[in-house]
$ cat run-v2.pdb   # PDB, C-alpha atoms, pLDDT in the B column
ATOM      1  CA  MET A 283      22.330 -38.663 -58.669  1.00 47.00           C
ATOM      2  CA  LEU A 284      23.119 -39.018 -54.969  1.00 48.00           C
ATOM      3  CA  GLN A 285      25.603 -36.142 -55.212  1.00 55.00           C
ATOM      4  CA  ILE A 286      22.958 -33.773 -56.705  1.00 54.00           C
ATOM      5  CA  LYS A 287      20.427 -34.627 -53.980  1.00 56.00           C
ATOM      6  CA  LYS A 288      23.002 -33.996 -51.243  1.00 58.00           C
ATOM      7  CA  GLN A 289      23.864 -30.622 -52.781  1.00 60.00           C
ATOM      8  CA  LYS A 290      20.167 -29.583 -52.841  1.00 58.00           C
ATOM      9  CA  ASN A 291      19.833 -30.492 -49.121  1.00 62.00           C
ATOM     10  CA  GLN A 292      22.846 -28.332 -48.283  1.00 70.00           C
ATOM     11  CA  LYS A 293      21.360 -25.386 -50.212  1.00 70.00           C
ATOM     12  CA  GLY A 294      18.117 -25.846 -48.272  1.00 77.00           C
ATOM     13  CA  ALA A 295      19.990 -25.936 -44.965  1.00 80.00           C
ATOM     14  CA  VAL A 296      21.948 -22.791 -45.861  1.00 83.00           C
ATOM     15  CA  SER A 297      18.726 -21.036 -46.867  1.00 84.00           C
ATOM     16  CA  LEU A 298      17.060 -22.079 -43.607  1.00 88.00           C
ATOM     17  CA  LEU A 299      20.041 -20.861 -41.595  1.00 90.00           C
ATOM     18  CA  LEU A 300      20.005 -17.541 -43.462  1.00 91.00           C
ATOM     19  CA  VAL A 301      16.262 -17.091 -42.812  1.00 93.00           C
ATOM     20  CA  ILE A 302      16.752 -17.834 -39.096  1.00 95.00           C
ATOM     21  CA  LEU A 303      19.570 -15.275 -38.885  1.00 95.00           C
ATOM     22  CA  ILE A 304      17.504 -12.598 -40.650  1.00 96.00           C
ATOM     23  CA  LEU A 305      14.464 -13.239 -38.435  1.00 96.00           C
ATOM     24  CA  SER A 306      16.666 -13.135 -35.323  1.00 96.00           C
ATOM     25  CA  GLY A 307      18.023  -9.753 -36.426  1.00 95.00           C
ATOM     26  CA  ILE A 308      14.496  -8.419 -37.022  1.00 96.00           C
ATOM     27  CA  LEU A 309      13.399  -9.716 -33.603  1.00 97.00           C
ATOM     28  CA  ILE A 310      16.322  -7.998 -31.870  1.00 96.00           C
ATOM     29  CA  ILE A 311      15.537  -4.711 -33.621  1.00 97.00           C
ATOM     30  CA  ALA A 312      11.825  -4.995 -32.734  1.00 96.00           C
ATOM     31  CA  LEU A 313      12.598  -5.689 -29.067  1.00 96.00           C
ATOM     32  CA  SER A 314      15.019  -2.758 -28.911  1.00 96.00           C
ATOM     33  CA  VAL A 315      12.477  -0.380 -30.435  1.00 96.00           C
ATOM     34  CA  SER A 316       9.726  -1.572 -28.076  1.00 96.00           C
ATOM     35  CA  LYS A 317      12.016  -1.041 -25.068  1.00 96.00           C
ATOM     36  CA  ILE A 318      12.743   2.530 -26.220  1.00 96.00           C
ATOM     37  CA  VAL A 319       9.040   3.242 -26.774  1.00 95.00           C
ATOM     38  CA  LEU A 320       8.101   1.926 -23.324  1.00 94.00           C
ATOM     39  CA  ARG A 321      10.798   4.077 -21.701  1.00 93.00           C
ATOM     40  CA  GLU A 322       9.456   7.146 -23.538  1.00 93.00           C
ATOM     41  CA  ILE A 323       5.924   6.407 -22.352  1.00 91.00           C
ATOM     42  CA  GLN A 324       7.143   6.177 -18.748  1.00 87.00           C
ATOM     43  CA  MET A 325       9.040   9.452 -19.093  1.00 88.00           C
ATOM     44  CA  THR A 326       5.942  11.175 -20.484  1.00 87.00           C
ATOM     45  CA  ALA A 327       3.919  10.024 -17.481  1.00 81.00           C
ATOM     46  CA  GLN A 328       6.624  11.320 -15.128  1.00 87.00           C
ATOM     47  CA  ILE A 329       6.630  14.705 -16.857  1.00 92.00           C
ATOM     48  CA  SER A 330       2.901  15.000 -16.251  1.00 89.00           C
ATOM     49  CA  GLU A 331       3.371  14.075 -12.586  1.00 92.00           C
ATOM     50  CA  SER A 332       6.273  16.518 -12.309  1.00 94.00           C
ATOM     51  CA  VAL A 333       4.121  19.394 -13.569  1.00 94.00           C
ATOM     52  CA  ARG A 334       1.348  18.503 -11.142  1.00 95.00           C
ATOM     53  CA  ALA A 335       3.838  18.288  -8.259  1.00 95.00           C
ATOM     54  CA  TYR A 336       5.232  21.717  -9.168  1.00 96.00           C
ATOM     55  CA  GLN A 337       1.693  23.143  -9.260  1.00 96.00           C
ATOM     56  CA  ALA A 338       0.996  21.629  -5.835  1.00 96.00           C
ATOM     57  CA  ALA A 339       4.160  23.281  -4.474  1.00 96.00           C
ATOM     58  CA  ASP A 340       3.032  26.568  -6.036  1.00 96.00           C
ATOM     59  CA  THR A 341      -0.328  26.186  -4.298  1.00 95.00           C
ATOM     60  CA  GLY A 342       1.500  25.689  -0.990  1.00 94.00           C
ATOM     61  CA  ILE A 343       3.593  28.831  -1.498  1.00 95.00           C
ATOM     62  CA  GLU A 344       0.500  30.852  -2.402  1.00 94.00           C
ATOM     63  CA  TRP A 345      -1.275  29.601   0.722  1.00 93.00           C
ATOM     64  CA  ALA A 346       1.756  30.440   2.895  1.00 92.00           C
ATOM     65  CA  LEU A 347       1.991  33.949   1.435  1.00 90.00           C
ATOM     66  CA  TYR A 348      -1.721  34.497   2.023  1.00 92.00           C
ATOM     67  CA  GLN A 349      -1.376  33.259   5.596  1.00 89.00           C
ATOM     68  CA  ILE A 350       1.641  35.488   6.322  1.00 87.00           C
ATOM     69  CA  ILE A 351       0.637  38.678   4.472  1.00 87.00           C
ATOM     70  CA  LYS A 352      -3.173  38.813   4.520  1.00 89.00           C
ATOM     71  CA  VAL A 353      -4.221  36.776   7.547  1.00 86.00           C
ATOM     72  CA  LYS A 354      -1.073  37.747   9.509  1.00 86.00           C
ATOM     73  CA  GLN A 355      -1.041  34.405  11.316  1.00 85.00           C
ATOM     74  CA  PRO A 356       1.829  31.949  11.806  1.00 86.00           C
ATOM     75  CA  ILE A 357       1.914  28.875   9.617  1.00 86.00           C
ATOM     76  CA  PRO A 358       0.116  26.119  11.562  1.00 87.00           C
ATOM     77  CA  ALA A 359       2.278  23.212  12.694  1.00 85.00           C
ATOM     78  CA  GLU A 360      -0.076  20.721  11.021  1.00 87.00           C
ATOM     79  CA  ARG A 361       0.935  22.164   7.611  1.00 88.00           C
ATOM     80  CA  LEU A 362       4.674  21.628   8.195  1.00 89.00           C
ATOM     81  CA  CYS A 363       6.524  18.720   6.567  1.00 89.00           C
ATOM     82  CA  ASN A 364       8.407  17.780   9.756  1.00 87.00           C
ATOM     83  CA  ASN A 365       4.998  17.126  11.379  1.00 83.00           C
ATOM     84  CA  ASN A 366       3.933  15.028   8.380  1.00 87.00           C
ATOM     85  CA  GLY A 367       1.612  17.891   7.495  1.00 86.00           C
ATOM     86  CA  TRP A 368       0.710  16.972   3.938  1.00 92.00           C
ATOM     87  CA  THR A 369      -2.291  18.925   2.688  1.00 91.00           C
ATOM     88  CA  SER A 370      -4.146  16.833   0.115  1.00 91.00           C
ATOM     89  CA  LEU A 371      -5.383  18.501  -3.042  1.00 92.00           C
ATOM     90  CA  ASP A 372      -6.771  15.256  -4.488  1.00 91.00           C
ATOM     91  CA  ASN A 373      -6.168  11.545  -3.905  1.00 90.00           C
ATOM     92  CA  GLN A 374      -2.660  11.669  -5.484  1.00 92.00           C
ATOM     93  CA  THR A 375      -1.535  15.292  -5.033  1.00 94.00           C
ATOM     94  CA  ALA A 376      -0.447  17.014  -1.831  1.00 95.00           C
ATOM     95  CA  TYR A 377       1.880  19.698  -0.496  1.00 95.00           C
ATOM     96  CA  CYS A 378       3.613  20.517   2.763  1.00 94.00           C
ATOM     97  CA  LEU A 379       5.588  23.514   4.000  1.00 94.00           C
ATOM     98  CA  GLU A 380       9.020  23.930   5.565  1.00 92.00           C
ATOM     99  CA  ILE A 381      10.307  27.012   7.356  1.00 91.00           C
ATOM    100  CA  THR A 382      13.888  27.075   6.073  1.00 88.00           C
ATOM    101  CA  ASN A 383      14.800  30.291   7.890  1.00 88.00           C
ATOM    102  CA  GLY A 384      13.024  31.880  10.831  1.00 86.00           C
ATOM    103  CA  THR A 385      10.083  30.494  12.809  1.00 83.00           C
ATOM    104  CA  PRO A 386       6.459  29.706  11.934  1.00 79.00           C
ATOM    105  CA  GLN A 387       5.518  32.969  13.643  1.00 82.00           C
ATOM    106  CA  VAL A 388       8.121  35.031  11.722  1.00 83.00           C
ATOM    107  CA  PRO A 389       9.249  33.072   8.674  1.00 87.00           C
ATOM    108  CA  LYS A 390      12.233  34.446   6.740  1.00 89.00           C
ATOM    109  CA  ALA A 391      12.122  31.714   4.082  1.00 92.00           C
ATOM    110  CA  VAL A 392       9.416  29.189   3.243  1.00 93.00           C
ATOM    111  CA  LYS A 393       9.728  26.092   1.109  1.00 95.00           C
ATOM    112  CA  ALA A 394       6.719  24.250  -0.299  1.00 95.00           C
ATOM    113  CA  ILE A 395       7.072  20.672  -1.471  1.00 96.00           C
ATOM    114  CA  GLY A 396       4.511  19.308  -3.909  1.00 96.00           C
ATOM    115  CA  ARG A 397       4.027  15.565  -4.252  1.00 95.00           C
ATOM    116  CA  VAL A 398       2.298  13.399  -6.849  1.00 94.00           C
ATOM    117  CA  ASN A 399       2.793   9.691  -6.206  1.00 89.00           C
ATOM    118  CA  LYS A 400       6.604   9.412  -5.864  1.00 88.00           C
ATOM    119  CA  VAL A 401       7.465  12.612  -7.745  1.00 92.00           C
ATOM    120  CA  ARG A 402       8.298  15.673  -5.631  1.00 94.00           C
ATOM    121  CA  ARG A 403       9.001  19.265  -6.674  1.00 96.00           C
ATOM    122  CA  ALA A 404       9.789  22.220  -4.406  1.00 95.00           C
ATOM    123  CA  ILE A 405       9.577  26.011  -4.510  1.00 95.00           C
ATOM    124  CA  GLU A 406      11.291  28.258  -1.969  1.00 94.00           C
ATOM    125  CA  ILE A 407      10.754  31.949  -1.298  1.00 93.00           C
ATOM    126  CA  GLU A 408      12.821  34.249   0.912  1.00 90.00           C
ATOM    127  CA  GLU A 409      12.048  37.296   3.010  1.00 79.00           C
ATOM    128  CA  LYS A 410      12.443  39.722   0.086  1.00 73.00           C
ATOM    129  CA  ALA A 411       9.436  38.094  -1.557  1.00 50.00           C
ATOM    130  CA  ILE A 412       7.499  37.831   1.706  1.00 54.00           C
TER     131      ILE A 412
END
$ encode --input "run-v2.pdb" --output "structure tokens"
Amino acid sequence: MLQIKKQKNQKGAVSLLLVILILSGILIIALSVSKIVLREIQMTAQISESVRAYQAADTGIEWALYQIIKVKQPIPAERLCNNNGWTSLDNQTAYCLEITNGTPQVPKAVKAIGRVNKVRRAIEIEEKAI
């Protein structure tokens, strides 16, 4: 009688151990999947910011082209990146300009850098386009 009771306790302990192992495996899988999903959500947010930063840089290039071709004025120093000349488009988005070749009076190449939070994207045009 004592032998049968001891054997039932061992079966219960083995079953409990098996359940704990299975639940641990499920927990590990669930945590791994949640980590992947969170990373994907962050990447999606960065893609949105990247597009907005590119559009801000495009706005800067368009403004520079208008200034050079239509207005026929040099690019003001307060719009240049080296003067911390960020032009805000909204509370998170801004652009600045760099003269990569030439001078502000006669630019040969212009680079616009768009910024949204910490994401930056740049567009550069050369004299052929200007």
$ residues_around --input "run-v2.pdb" --residues "segment 328-341 of chain A" --least-positions-apart "5" --cutoff "9 Å" --atoms "only C-alpha atoms" --output "ChimeraX atom specification"
/A:323,346,371,375-379,393-405
$ closest_residue --input "run-v2.pdb" --among "A:Gly342, A:Leu299, A:Ile304, A:Gly384" --to "Gly367 of chain A" --atoms "only C-alpha atoms"
A:Gly342
$ atom_distance --input "run-v2.pdb" --atom1 "atom CA of Asn383 of chain A" --atom2 "atom CA of Glu409 of chain A"
9.0 Å
$ axis_aligned_box --input "run-v2.pdb" --around "segment 291-309 of chain A" --padding-each-side "6 Å" --output "JSON"
{"center_x": 18.1, "center_y": -19.5, "center_z": -41.9, "size_x": 21.4, "size_y": 34.1, "size_z": 28.6}
$ resolve_selection --input "run-v2.pdb" --expression "the PyMOL selection byres ((chain A and resi 364) around 12)" --output "list in words"
Pro358, Ala359, Glu360, Arg361, Leu362, Cys363, Asn365, Asn366, Gly367, Trp368, Cys378, Leu379, Glu380, Ile381, Thr382 and Ile395 of chain A
$ atom_distance --input "run-v2.pdb" --atom1 "atom CA of Lys410 of chain A" --atom2 "atom CA of Ile343 of chain A"
14.1 Å
$ atom_distance --input "run-v2.pdb" --atom1 "atom CA of Val301 of chain A" --atom2 "atom CA of Ser314 of chain A"
20.0 Å
$ residues_around --input "run-v2.pdb" --residues "segment 351-355 of chain A" --least-positions-apart "4" --cutoff "9 Å" --atoms "all atoms listed in the file" --output "PyMOL selection string"
chain A and resi 346-347+386-387+412
$ write_last_selection --input "run-v2.pdb" --atoms "C-alpha atoms" --output "short mmCIF file (atom, residue, chain, number, x, y, z; two decimals), in the frame of the given file"
data_model
loop_
_atom_site.label_atom_id
_atom_site.label_comp_id
_atom_site.auth_asym_id
_atom_site.auth_seq_id
_atom_site.Cartn_x
_atom_site.Cartn_y
_atom_site.Cartn_z
CA ALA A 346 1.76 30.44 2.90
CA LEU A 347 1.99 33.95 1.44
CA PRO A 386 6.46 29.71 11.93
CA GLN A 387 5.52 32.97 13.64
CA ILE A 412 7.50 37.83 1.71
#
$ build_atoms --input "run-v2.pdb" --residues "segment 304-329 of chain A" --atoms "N, CA, C and O atoms" --output "PDB file, keeping the file's coordinate frame"
ATOM      1  N   ILE A 304      18.217 -13.837 -40.301  1.00 96.00           N
ATOM      2  CA  ILE A 304      17.504 -12.598 -40.650  1.00 96.00           C
ATOM      3  C   ILE A 304      16.356 -12.359 -39.676  1.00 96.00           C
ATOM      4  O   ILE A 304      16.177 -11.244 -39.166  1.00 96.00           O
ATOM      5  N   LEU A 305      15.576 -13.395 -39.371  1.00 96.00           N
ATOM      6  CA  LEU A 305      14.464 -13.239 -38.435  1.00 96.00           C
ATOM      7  C   LEU A 305      14.960 -12.901 -37.030  1.00 96.00           C
ATOM      8  O   LEU A 305      14.329 -12.115 -36.318  1.00 96.00           O
ATOM      9  N   SER A 306      16.093 -13.476 -36.632  1.00 96.00           N
ATOM     10  CA  SER A 306      16.666 -13.135 -35.323  1.00 96.00           C
ATOM     11  C   SER A 306      17.061 -11.664 -35.276  1.00 96.00           C
ATOM     12  O   SER A 306      16.824 -10.979 -34.275  1.00 96.00           O
ATOM     13  N   GLY A 307      17.656 -11.169 -36.353  1.00 95.00           N
ATOM     14  CA  GLY A 307      18.023  -9.753 -36.426  1.00 95.00           C
ATOM     15  C   GLY A 307      16.801  -8.855 -36.341  1.00 95.00           C
ATOM     16  O   GLY A 307      16.798  -7.850 -35.621  1.00 95.00           O
ATOM     17  N   ILE A 308      15.743  -9.211 -37.060  1.00 96.00           N
ATOM     18  CA  ILE A 308      14.496  -8.419 -37.022  1.00 96.00           C
ATOM     19  C   ILE A 308      13.896  -8.448 -35.619  1.00 96.00           C
ATOM     20  O   ILE A 308      13.421  -7.420 -35.117  1.00 96.00           O
ATOM     21  N   LEU A 309      13.933  -9.602 -34.968  1.00 97.00           N
ATOM     22  CA  LEU A 309      13.399  -9.716 -33.603  1.00 97.00           C
ATOM     23  C   LEU A 309      14.187  -8.843 -32.627  1.00 97.00           C
ATOM     24  O   LEU A 309      13.605  -8.149 -31.788  1.00 97.00           O
ATOM     25  N   ILE A 310      15.496  -8.842 -32.745  1.00 96.00           N
ATOM     26  CA  ILE A 310      16.322  -7.998 -31.870  1.00 96.00           C
ATOM     27  C   ILE A 310      16.009  -6.527 -32.084  1.00 96.00           C
ATOM     28  O   ILE A 310      15.866  -5.762 -31.116  1.00 96.00           O
ATOM     29  N   ILE A 311      15.877  -6.116 -33.328  1.00 97.00           N
ATOM     30  CA  ILE A 311      15.537  -4.711 -33.621  1.00 97.00           C
ATOM     31  C   ILE A 311      14.160  -4.367 -33.062  1.00 97.00           C
ATOM     32  O   ILE A 311      13.977  -3.319 -32.442  1.00 97.00           O
ATOM     33  N   ALA A 312      13.180  -5.255 -33.237  1.00 96.00           N
ATOM     34  CA  ALA A 312      11.825  -4.995 -32.734  1.00 96.00           C
ATOM     35  C   ALA A 312      11.814  -4.885 -31.213  1.00 96.00           C
ATOM     36  O   ALA A 312      11.156  -4.002 -30.647  1.00 96.00           O
ATOM     37  N   LEU A 313      12.539  -5.764 -30.533  1.00 96.00           N
ATOM     38  CA  LEU A 313      12.598  -5.689 -29.067  1.00 96.00           C
ATOM     39  C   LEU A 313      13.284  -4.415 -28.591  1.00 96.00           C
ATOM     40  O   LEU A 313      12.859  -3.802 -27.608  1.00 96.00           O
ATOM     41  N   SER A 314      14.318  -3.997 -29.277  1.00 96.00           N
ATOM     42  CA  SER A 314      15.019  -2.758 -28.911  1.00 96.00           C
ATOM     43  C   SER A 314      14.108  -1.550 -29.079  1.00 96.00           C
ATOM     44  O   SER A 314      14.048  -0.674 -28.210  1.00 96.00           O
ATOM     45  N   VAL A 315      13.392  -1.504 -30.189  1.00 96.00           N
ATOM     46  CA  VAL A 315      12.477  -0.380 -30.435  1.00 96.00           C
ATOM     47  C   VAL A 315      11.358  -0.371 -29.409  1.00 96.00           C
ATOM     48  O   VAL A 315      10.995   0.691 -28.880  1.00 96.00           O
ATOM     49  N   SER A 316      10.805  -1.538 -29.067  1.00 96.00           N
ATOM     50  CA  SER A 316       9.726  -1.572 -28.076  1.00 96.00           C
ATOM     51  C   SER A 316      10.220  -1.128 -26.701  1.00 96.00           C
ATOM     52  O   SER A 316       9.509  -0.454 -25.965  1.00 96.00           O
ATOM     53  N   LYS A 317      11.457  -1.482 -26.351  1.00 96.00           N
ATOM     54  CA  LYS A 317      12.016  -1.041 -25.068  1.00 96.00           C
ATOM     55  C   LYS A 317      12.154   0.479 -25.040  1.00 96.00           C
ATOM     56  O   LYS A 317      11.834   1.121 -24.043  1.00 96.00           O
ATOM     57  N   ILE A 318      12.607   1.073 -26.130  1.00 96.00           N
ATOM     58  CA  ILE A 318      12.743   2.530 -26.220  1.00 96.00           C
ATOM     59  C   ILE A 318      11.382   3.197 -26.113  1.00 96.00           C
ATOM     60  O   ILE A 318      11.212   4.186 -25.387  1.00 96.00           O
ATOM     61  N   VAL A 319      10.391   2.659 -26.804  1.00 95.00           N
ATOM     62  CA  VAL A 319       9.040   3.242 -26.774  1.00 95.00           C
ATOM     63  C   VAL A 319       8.457   3.172 -25.371  1.00 95.00           C
ATOM     64  O   VAL A 319       7.863   4.144 -24.887  1.00 95.00           O
ATOM     65  N   LEU A 320       8.621   2.043 -24.687  1.00 94.00           N
ATOM     66  CA  LEU A 320       8.101   1.926 -23.324  1.00 94.00           C
ATOM     67  C   LEU A 320       8.781   2.911 -22.379  1.00 94.00           C
ATOM     68  O   LEU A 320       8.128   3.518 -21.521  1.00 94.00           O
ATOM     69  N   ARG A 321      10.084   3.106 -22.529  1.00 93.00           N
ATOM     70  CA  ARG A 321      10.798   4.077 -21.701  1.00 93.00           C
ATOM     71  C   ARG A 321      10.271   5.493 -21.953  1.00 93.00           C
ATOM     72  O   ARG A 321      10.096   6.278 -21.025  1.00 93.00           O
ATOM     73  N   GLU A 322       9.991   5.820 -23.206  1.00 93.00           N
ATOM     74  CA  GLU A 322       9.456   7.146 -23.538  1.00 93.00           C
ATOM     75  C   GLU A 322       8.071   7.348 -22.933  1.00 93.00           C
ATOM     76  O   GLU A 322       7.748   8.441 -22.455  1.00 93.00           O
ATOM     77  N   ILE A 323       7.263   6.316 -22.948  1.00 91.00           N
ATOM     78  CA  ILE A 323       5.924   6.407 -22.352  1.00 91.00           C
ATOM     79  C   ILE A 323       6.029   6.663 -20.852  1.00 91.00           C
ATOM     80  O   ILE A 323       5.311   7.498 -20.291  1.00 91.00           O
ATOM     81  N   GLN A 324       6.941   5.960 -20.180  1.00 87.00           N
ATOM     82  CA  GLN A 324       7.143   6.177 -18.748  1.00 87.00           C
ATOM     83  C   GLN A 324       7.628   7.593 -18.466  1.00 87.00           C
ATOM     84  O   GLN A 324       7.196   8.234 -17.506  1.00 87.00           O
ATOM     85  N   MET A 325       8.531   8.094 -19.291  1.00 88.00           N
ATOM     86  CA  MET A 325       9.040   9.452 -19.093  1.00 88.00           C
ATOM     87  C   MET A 325       7.935  10.482 -19.289  1.00 88.00           C
ATOM     88  O   MET A 325       7.864  11.473 -18.557  1.00 88.00           O
ATOM     89  N   THR A 326       7.057  10.260 -20.248  1.00 87.00           N
ATOM     90  CA  THR A 326       5.942  11.175 -20.484  1.00 87.00           C
ATOM     91  C   THR A 326       5.025  11.212 -19.266  1.00 87.00           C
ATOM     92  O   THR A 326       4.571  12.284 -18.857  1.00 87.00           O
ATOM     93  N   ALA A 327       4.758  10.072 -18.687  1.00 81.00           N
ATOM     94  CA  ALA A 327       3.919  10.024 -17.481  1.00 81.00           C
ATOM     95  C   ALA A 327       4.596  10.769 -16.335  1.00 81.00           C
ATOM     96  O   ALA A 327       3.935  11.481 -15.573  1.00 81.00           O
ATOM     97  N   GLN A 328       5.913  10.626 -16.201  1.00 87.00           N
ATOM     98  CA  GLN A 328       6.624  11.320 -15.128  1.00 87.00           C
ATOM     99  C   GLN A 328       6.634  12.823 -15.346  1.00 87.00           C
ATOM    100  O   GLN A 328       6.593  13.583 -14.378  1.00 87.00           O
ATOM    101  N   ILE A 329       6.677  13.269 -16.589  1.00 92.00           N
ATOM    102  CA  ILE A 329       6.630  14.705 -16.857  1.00 92.00           C
ATOM    103  C   ILE A 329       5.297  15.263 -16.400  1.00 92.00           C
ATOM    104  O   ILE A 329       5.228  16.321 -15.763  1.00 92.00           O
TER     105      ILE A 329
END
